[in-house]
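Since the structure comes first, as structure tokens, the remarks are kept for the end.
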Amino acid sequence: MRVYRLIRLKTFLSLSIFLISGSICGAQTGTVAASVHIARVSAAPRLEDFQDMTPTGNATQLAKVTDFIQQAPSDGKPATQRTDVYLGYDATNLYMVWVCWDKDPKAIRGHLTRREAVTPPDDDYVELTLDTFHDQRHGFLFDVNPRGVQSDALWTEDSGYDYSFDTVWDSQGKLTDKGFIVWMSVPFRSIRFHPANEQVWGVTLMRYIARNDEYDYWPRVSSRISGRLNQEGLITGVADVSPSRNMQFNPYGYLSGLHQLDDRDPIQPRFDNRNLQGKIGLDSKFVFHDSLVLDTTINPDFAQIESDQPQNTVNQRFEVFFPEKRPFFLENSNFFSDTNIGVYQTSRILFTRRIIEPSFGARLTGKQGPWNLGFFVADDRSPGLIVPDNGPLSGTRAYFAVGRVSHDIGSQSSVGAVYVDREYQGDFNRVGGIDANFRLGKNWTSWFRSLVSSTYASSEVVSALNATGSAGSSIAPPAIGYTFGQDHEAVLNGIGRRFSYELFYQDITANFHTDSGFVPRNDIRDMAQYFHFYWRPEGKHLVFQGPEVNTHDIWDHHGIGVQHIYSGDWVFYFRHNLLVAPIGAVETDVLRPVDFSGLPNDRKYVQDLGGLVLQGSPTRLITWRTTIIRDGVVLIVVPQGQLPITGNETFINHTMSIKPTGHLEIDNTYILDRVLNGAARHASFNNHIIRSQWNYQFTRALSLRAIMQYNGLLANPTYSSLQTTKDVSLNFLITYLVHPGTAVYVGYNSNMENLIPSLCLPVAGQTMGCDPNGAGLIRSNRLINDGRVFFVKVSYLFRR
């Protein structure tokens, strides 16, 4: 369960020599892989061929797989409900029909929801994973719930699911009085594989039963062995098929009008109003040799349809990570970075949210024999847009280039190299290095990466960007001139039925810098361990229980211990997805003069923590999770002239998803962060975030979404440097999604903030313009509309 994450700790530990000394071996269990031989069918099977949950007509030609085995909660036991899967293919498609028997069909969870929203424990669903290159490293994943709603993803053995992948395929679902039936049709042009007369593909088939939190597999995929694809079965018999010519063209049109706050010049804020303006663009895709994919985009639409989930950003010493949501950047992003190696997050050397306003982009990804390839280029107009129009950098742009190559070694091991470059106005930031991962038996894996950075920053560019607060780095603006830095990381990870252990080491020098990535902290030697052991009685009520322990130690390169965290929790996991976990921790932080201006010397802060995590999904109607933390925290947002002190923090994060009908889903979030000044025992600030998202799915294609969010930072100026800010946003979106690439979006977003109508203090005797000696934006006690956008987006996918 890894509940320690809720303490918001990011921790690391490992030793490189440990990784290299291990023998490189596979996770083979000594058994022969299960296989199914499927035949070419004369006609496509239909859902109607299974009216009584048994095949009739042309469906009798299909191969059958049955006898699923549990992975969870009772690894190795027969599935509690019977599942039969029927497989076949023709010249253009792979077909599967899942017959999911259920002794209590009224307990099946299946909602008509938006695409990609098929997730446990909200819905029962079935899942196909195809390892078309049979390399036990990568797979195409297809999910369908009982209502026919689909999700798709890429599976990578090291980092798991990547649901940013979208492709075109068909699915149907039907609930019956004996269970439910799912029909899948996956076009060969929607997947990649080596050209061959007869294909041999790896496969796993999985059924999830939500009310039991039960995962059933064919063939058996045991939690006693680390990995999934190393336990896969085989599909044989698929002959004389090919994606053939595969070209896709996805033109789009975008129409929008807006009213928004323009504070690029913080002393002279103003409103920017634009009437309806149009924009067109084109995305394209070309497939070479059945396994290489070239994606290009001209004048791309990188408007973000999906909004960010709320996070607390107040009193944070380091940048808060918001994940990428734009489809072009998400697709095949796993080719370029290794960030989810295990429990801990490694450095992100490519964080595509740094590319804000591109006008073109191109990406080549794929596999040739044992070689995995990924190349990416794009420009970014944002450096010339975020500065005032009369500034020296107005109209300029940056250029990005990324390349990654890896070579498979043995069974599930590989070595690779990566290079990332950002060029801007003669300045540059270049990061390159090598990485490798080795499997050390059936339970253990290891990974390491070694990077160097080379940066040149001119005084003109750094000064101009600092003047607008737009330096754009994940750490800090680079030093003027040439600088060089290093980043070395290693992981050792062991996973079994009852235990999990991870060792992580990270060494980042003070001058390591990445303009293209996300590395929130440098000048660290960071070591951490995570361990859990679960007793698994798997009784009538209690499924498992046990301790989780985490240690986290960070030193700088002068040997100063800047952070030490030791935390633990005890997890109790019950039937009906109910989890209870009390948690506790002790933390020490050291702030140095370089960390906070005005500190005369190093200062140590000691805090303790206690908390509780509760979550559950007892019925199909509701899923909830609550985290309550009481701890000490270093208060850095102190009034000007004061030094940081230890504060007392109350943190609550509560999420609740309610599905009152099969069409309506209501997702609610409440976040509270309240910090008391430790010396005065008065509140420094209260930060409230309240969000409610309503999604009504009329059909599988048509939906209406509304999001209402309130952000209220209530600051005490006596004990903090913050201002009280209030923000209310309303977002409405109508979506008609035929399939990925063919869709219509109509949206309206409105935002209100506590500002005075004139935004700033005007020049004396004038009604227009701001006082150049003023403080810029002035807060008030009432809300005004500071932004609204209406937009229509239409796209259509052509495939040849």
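Quick note on naming: the chains in the structure tokens go A, B, ... in the order shown, residues restart at 1 in each chain, and ligands are numbered from 1 in order of appearance.
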Quick one: which range 675-711 of chain A residues come within 12 Å of range 616-639 of chain A, and what is the nearest atom pair for each with the distance in Å to one decimal, counting only C-alpha atoms, rows ordered by chain and ascending number, as a Markdown table?
```
| residue | atom | partner | partner_atom | distance |
| --- | --- | --- | --- | --- |
| A:Val675 | CA | A:Leu635 | CA | 8.0 |
| A:Leu676 | CA | A:Leu635 | CA | 8.8 |
| A:Asn677 | CA | A:Leu635 | CA | 7.6 |
| A:Gly678 | CA | A:Gly632 | CA | 8.7 |
| A:Ala679 | CA | A:Leu635 | CA | 11.2 |
| A:Ala683 | CA | A:Leu635 | CA | 11.2 |
| A:Ser684 | CA | A:Val638 | CA | 8.2 |
| A:Phe685 | CA | A:Val637 | CA | 9.5 |
```
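For Leu234 in chain A, the set of protein, DNA and RNA residues having any atom at most 6 Å away, when counting only C-alpha atoms and skipping those fewer than 4 positions along the same chain, is Ser35, Trp201, Gly202 and Val203 of chain A.
Shell of Ile480 in chain A at 6 Å, with only C-alpha atoms counted and residues fewer than 2 places along the chain excluded, is Ala457, Ser458 and Ser459 of chain A.
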What's the 7 Å shell around Trp218 in chain A, counting only C-alpha atoms, without same-chain residues fewer than 3 positions away, as a PDB file with all heavy atoms, in the first residue's frame?
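What follows is the written file result_29.pdb:
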```pdb
ATOM      1  N   PHE A  68      -8.864 -19.393 -14.971  1.00  0.00           N
ATOM      2  CA  PHE A  68      -8.103 -18.254 -14.452  1.00  0.00           C
ATOM      3  C   PHE A  68      -7.701 -18.522 -13.000  1.00  0.00           C
ATOM      4  O   PHE A  68      -8.402 -19.188 -12.255  1.00  0.00           O
ATOM      5  CB  PHE A  68      -8.944 -16.984 -14.540  1.00  0.00           C
ATOM      6  CG  PHE A  68      -8.958 -16.346 -15.907  1.00  0.00           C
ATOM      7  CD1 PHE A  68      -9.347 -17.057 -17.028  1.00  0.00           C
ATOM      8  CD2 PHE A  68      -8.576 -15.017 -16.061  1.00  0.00           C
ATOM      9  CE1 PHE A  68      -9.364 -16.472 -18.281  1.00  0.00           C
ATOM     10  CE2 PHE A  68      -8.591 -14.421 -17.308  1.00  0.00           C
ATOM     11  CZ  PHE A  68      -8.978 -15.146 -18.417  1.00  0.00           C
ATOM     12  N   ILE A  69      -6.545 -17.937 -12.616  1.00  0.00           N
ATOM     13  CA  ILE A  69      -5.992 -18.119 -11.273  1.00  0.00           C
ATOM     14  C   ILE A  69      -5.852 -16.757 -10.604  1.00  0.00           C
ATOM     15  O   ILE A  69      -5.434 -15.784 -11.223  1.00  0.00           O
ATOM     16  CB  ILE A  69      -4.605 -18.810 -11.337  1.00  0.00           C
ATOM     17  CG1 ILE A  69      -4.722 -20.171 -12.018  1.00  0.00           C
ATOM     18  CG2 ILE A  69      -4.013 -18.961  -9.937  1.00  0.00           C
ATOM     19  CD1 ILE A  69      -5.568 -21.172 -11.271  1.00  0.00           C
ATOM     20  N   THR A 204      -1.072 -11.743 -21.548  1.00  0.00           N
ATOM     21  CA  THR A 204      -1.724 -12.022 -20.272  1.00  0.00           C
ATOM     22  C   THR A 204      -3.171 -11.551 -20.377  1.00  0.00           C
ATOM     23  O   THR A 204      -3.457 -10.526 -20.999  1.00  0.00           O
ATOM     24  CB  THR A 204      -1.044 -11.320 -19.079  1.00  0.00           C
ATOM     25  OG1 THR A 204      -1.152  -9.907 -19.224  1.00  0.00           O
ATOM     26  CG2 THR A 204       0.419 -11.720 -18.970  1.00  0.00           C
ATOM     27  N   LEU A 205      -4.066 -12.324 -19.789  1.00  0.00           N
ATOM     28  CA  LEU A 205      -5.486 -11.998 -19.726  1.00  0.00           C
ATOM     29  C   LEU A 205      -5.851 -11.839 -18.252  1.00  0.00           C
ATOM     30  O   LEU A 205      -5.493 -12.684 -17.424  1.00  0.00           O
ATOM     31  CB  LEU A 205      -6.338 -13.101 -20.356  1.00  0.00           C
ATOM     32  CG  LEU A 205      -5.953 -13.540 -21.777  1.00  0.00           C
ATOM     33  CD1 LEU A 205      -6.826 -14.708 -22.223  1.00  0.00           C
ATOM     34  CD2 LEU A 205      -6.090 -12.374 -22.747  1.00  0.00           C
ATOM     35  N   MET A 206      -6.535 -10.767 -17.922  1.00  0.00           N
ATOM     36  CA  MET A 206      -6.848 -10.482 -16.521  1.00  0.00           C
ATOM     37  C   MET A 206      -8.303 -10.043 -16.380  1.00  0.00           C
ATOM     38  O   MET A 206      -8.821  -9.299 -17.216  1.00  0.00           O
ATOM     39  CB  MET A 206      -5.920  -9.390 -15.974  1.00  0.00           C
ATOM     40  CG  MET A 206      -6.022  -9.172 -14.457  1.00  0.00           C
ATOM     41  SD  MET A 206      -7.349  -8.024 -13.959  1.00  0.00           S
ATOM     42  CE  MET A 206      -6.676  -6.466 -14.514  1.00  0.00           C
TER      43      MET A 206
END
```
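Counting only C-alpha atoms, the residue from A:Asp295, A:Asp104, A:Asp602, A:Glu753 that sits nearest to Leu282 in chain A is A:Asp295.
Counting only C-alpha atoms, Thr483 in chain A has the following residues at most 8 Å away, ignoring those fewer than 5 positions along the same chain: Ser454, Thr455, Tyr456, Pro478 and Asn511 of chain A.
Using only C-alpha atoms, the smallest distance between any of A:Ala743, A:Ile235, A:Ala701, A:Ala196 and Ala34 in chain A comes from A:Ile235.
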### Message
Give me, as a PyMOL selection string, all polymer residues having an atom no more than 6 Å from range 189-195 of chain A, counting only C-alpha atoms and skipping those fewer than 4 positions away in the same chain.
### Response
chain A and resi 132-133+243+290-291
### Message
Would you pick out the contacts of range 553-567 of chain A at 9 Å or less, using only C-alpha atoms, so that residues sharing its chain but fewer than 2 positions from it are not included, and give the list as a ChimeraX atom specification?
### Response
/A:4,7,9,11-13,507-510,522-528,548-551,569,583-592,604,609
### Query
What does the distance from CA of Val287 in chain A to CA of Asn250 in chain A come to in Å, to one decimal?
14.7 Å
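Pairwise distance (CA of Gln61 in chain A, CA of Pro219 in chain A) equals 21.7 Å.
For the pair CA of Gly546 in chain A and CA of Phe499 in chain A, the interatomic distance is 9.7 Å.
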#### Entry: Test item, strand (DSSP E or B) assignment across range 332-491 of chain A, answer as a PyMOL selection string
chain A and resi 348+360-368+371-380+398-409+413-424+427-440+444-457+481-491
